[in-house]
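Undergrad: Quick one: the structure is below, and I'll ask about it shortly.
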Number of protein chains: 2
Amino acid sequence: MKPGFLMVVSGPAGVGKGTLVSELIRLNEQTLLSVSATTRAPRPGEEDGVQYWFKDRQSFEQMIHEDQLLEWVEYCGNYYGTPVDHVTASVAEGKIVILEIEVEGALNIRRIFPDAVLVFILPPDLETLKKRLSGRGTEPEDVIYRRLKRAEEELSFLSRYDYFVMNVSIPQAVEKLTKIIDAEQRRVNRNPELVQRFQVV
Amino acid sequence: MKPGFLMVVSGPAGVGKGTLVSELIRLNEQTLLSVSATTRAPRPGEEDGVQYWFKDRQSFEQMIHEDQLLEWVEYCGNYYGTPVDHVTASVAEGKIVILEIEVEGALNIRRIFPDAVLVFILPPDLETLKKRLSGRGTEPEDVIYRRLKRAEEELSFLSRYDYFVMNVSIPQAVEKLTKIIDAEQRRVNRNPELVQRFQVV
């Protein structure tokens, strides 16, 4: 069996991470998206365990206190976090668990899972990113300015990542991600059983 | 430009390393084989700089003393070694320099070039390897025994390598090596210019 691992995917807003990850998961049946827990109310059509694990504040805070979350944030009055048990179980089953997460959270995850693979999604160039973040020119300047500042902040974390994938086209970028997965599965240190098997006695 | 690096390929005798490496180099124009220097006399048809750099003993020993060799051995009265200048220059040009070398040499190279990628070629299973090493049953038992012992010794180094590739079929194994190369070229730390380019100022 090929080994599973946790793959963290980050990158500035507007770079197409979401589409890229969805497409990867659609095409590669060994991959799956890590489902976050949240105290946000489900929107129409959202199902528990699909888009999110829906929790009340008390249960979420209990998960925090019991160290059951890989990372968590409070955002606009709601909690969001990644339950560790689901990730660990899926990796043990040989799954590539994809976690789409911002840069600060990604580095925290590296501390907890040193074997996680960190991939940074890049735009073709900075100009393209600036255009995408500026939108259709109908938004207030300060909103755009904050977005650009945040993109700059996120890009400053690039050097801490293992791999980069430039998103020029979705099919190409998915192929690059797939090659990274394939190579990582051939890492000797991810295959202790194999090492064992080839020790001639 | 995609970054170059040194790729060390090892594995027990009889595993098909040579064929695999030749095929990789034939198909991937970014790869090239590191040419060794030797004091062995050229055989008919061999050209300087193609199969080997042919040197006299004095020049070879001078290269040793001047630290111009990545590694060297004396074998059957002749010196064999890898000139460092050729490797460094080719890597700087963006080439993947392939060095086919035994395990002890490989670990030495890792010390000198920490960025080298070490790939171990494995047989499909131990039985296949034993059959291949036993030959056609026409060789003396002690020769076969020594070969098996050496294979055992080499396999004990597997855990020190970065990647493994199981050589079930040459085209498949070449594809796996190619994916490893592709992934390694997307490592953020091999692309300092890229990191520079995406620092928004």
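Naming scheme: A, B, ... for chains in displayed order of the structure tokens; residues 1 onward per chain; ligands 1 onward as shown.
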Select, as a compact mmCIF listing (two decimals) with N, CA and C atoms, in the first residue's frame, those residues of chain A with any atom no more than 6 Å from chain B (distances computed using only C-alpha atoms).

TA:
# COMPACT_ATOMS: atom_id res chain seq x y z
N GLU A 152 0.64 40.03 0.35
CA GLU A 152 2.07 40.29 0.57
C GLU A 152 2.57 39.52 1.80
N ASP A 162 7.58 23.52 1.49
CA ASP A 162 8.39 22.51 0.82
C ASP A 162 8.39 22.71 -0.70
N TYR A 163 7.20 22.87 -1.25
CA TYR A 163 7.06 22.94 -2.70
C TYR A 163 6.24 24.16 -3.11
N PHE A 164 6.42 24.58 -4.34
CA PHE A 164 5.52 25.58 -4.91
C PHE A 164 4.89 24.97 -6.16
N LYS A 179 2.31 14.89 -9.27
CA LYS A 179 3.71 14.43 -9.30
C LYS A 179 4.37 14.59 -7.94
N ILE A 180 4.05 15.67 -7.26
CA ILE A 180 4.59 15.87 -5.91
C ILE A 180 4.10 14.75 -4.99
N ALA A 183 5.94 11.50 -5.89
CA ALA A 183 7.33 11.48 -5.41
C ALA A 183 7.36 11.29 -3.90
N ARG A 186 7.15 7.90 -2.64
CA ARG A 186 8.35 7.09 -2.85
C ARG A 186 9.47 7.45 -1.89
N ARG A 187 9.19 8.29 -0.92
CA ARG A 187 10.22 8.63 0.06
C ARG A 187 10.46 7.40 0.93
N VAL A 188 11.72 7.07 1.10
CA VAL A 188 12.07 5.89 1.88
C VAL A 188 11.51 6.01 3.29
N VAL A 200 17.79 -8.34 4.05
CA VAL A 200 18.01 -9.78 3.84
C VAL A 200 18.48 -10.37 5.16

Undergrad: Output as an MDAnalysis selection string all residues of stretch 18-187 of chain A that backbone DSSP marks as alpha helix (DSSP H).

TA: chainID A and resid 18:27 57:65 84:92 103:112 126:134 141:155 170:185

Undergrad: Considering only C-alpha atoms, can you say which of B:Gly11, B:Leu70, B:Thr38, B:Arg132 comes closest to B:Asp56?

TA: B:Thr38

Undergrad: Using only C-alpha atoms, determine which residues lie at most 12 Å from stretch 99-110 of chain B, disregarding the query and same-chain residues fewer than 5 positions distant; provide the list as a ChimeraX atom specification.

TA: /B:5-13,16-22,25,31-36,69-73,80-84,86-87,115-121,150-162

Undergrad: Expressed in Å to a single decimal, how great is the separation between atom CA of B:Thr88 and atom CA of B:Val174?

TA: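 So the answer is 24.1 Å.
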
Undergrad: Enumerate as a VMD selection string all residues of stretch 54-133 of chain A assigned to strand (DSSP E or B) by DSSP on the backbone, naming them with the chain letters and numbers the document uses.

TA: chain A and resid 54 69 to 75 78 to 83 96 to 100 117 to 122

Undergrad: For a test of reading the model, state the distance in Å between atom CA of B:Ile96 and atom CA of B:Gly4, rounded to one decimal.

TA: 5.0 Å
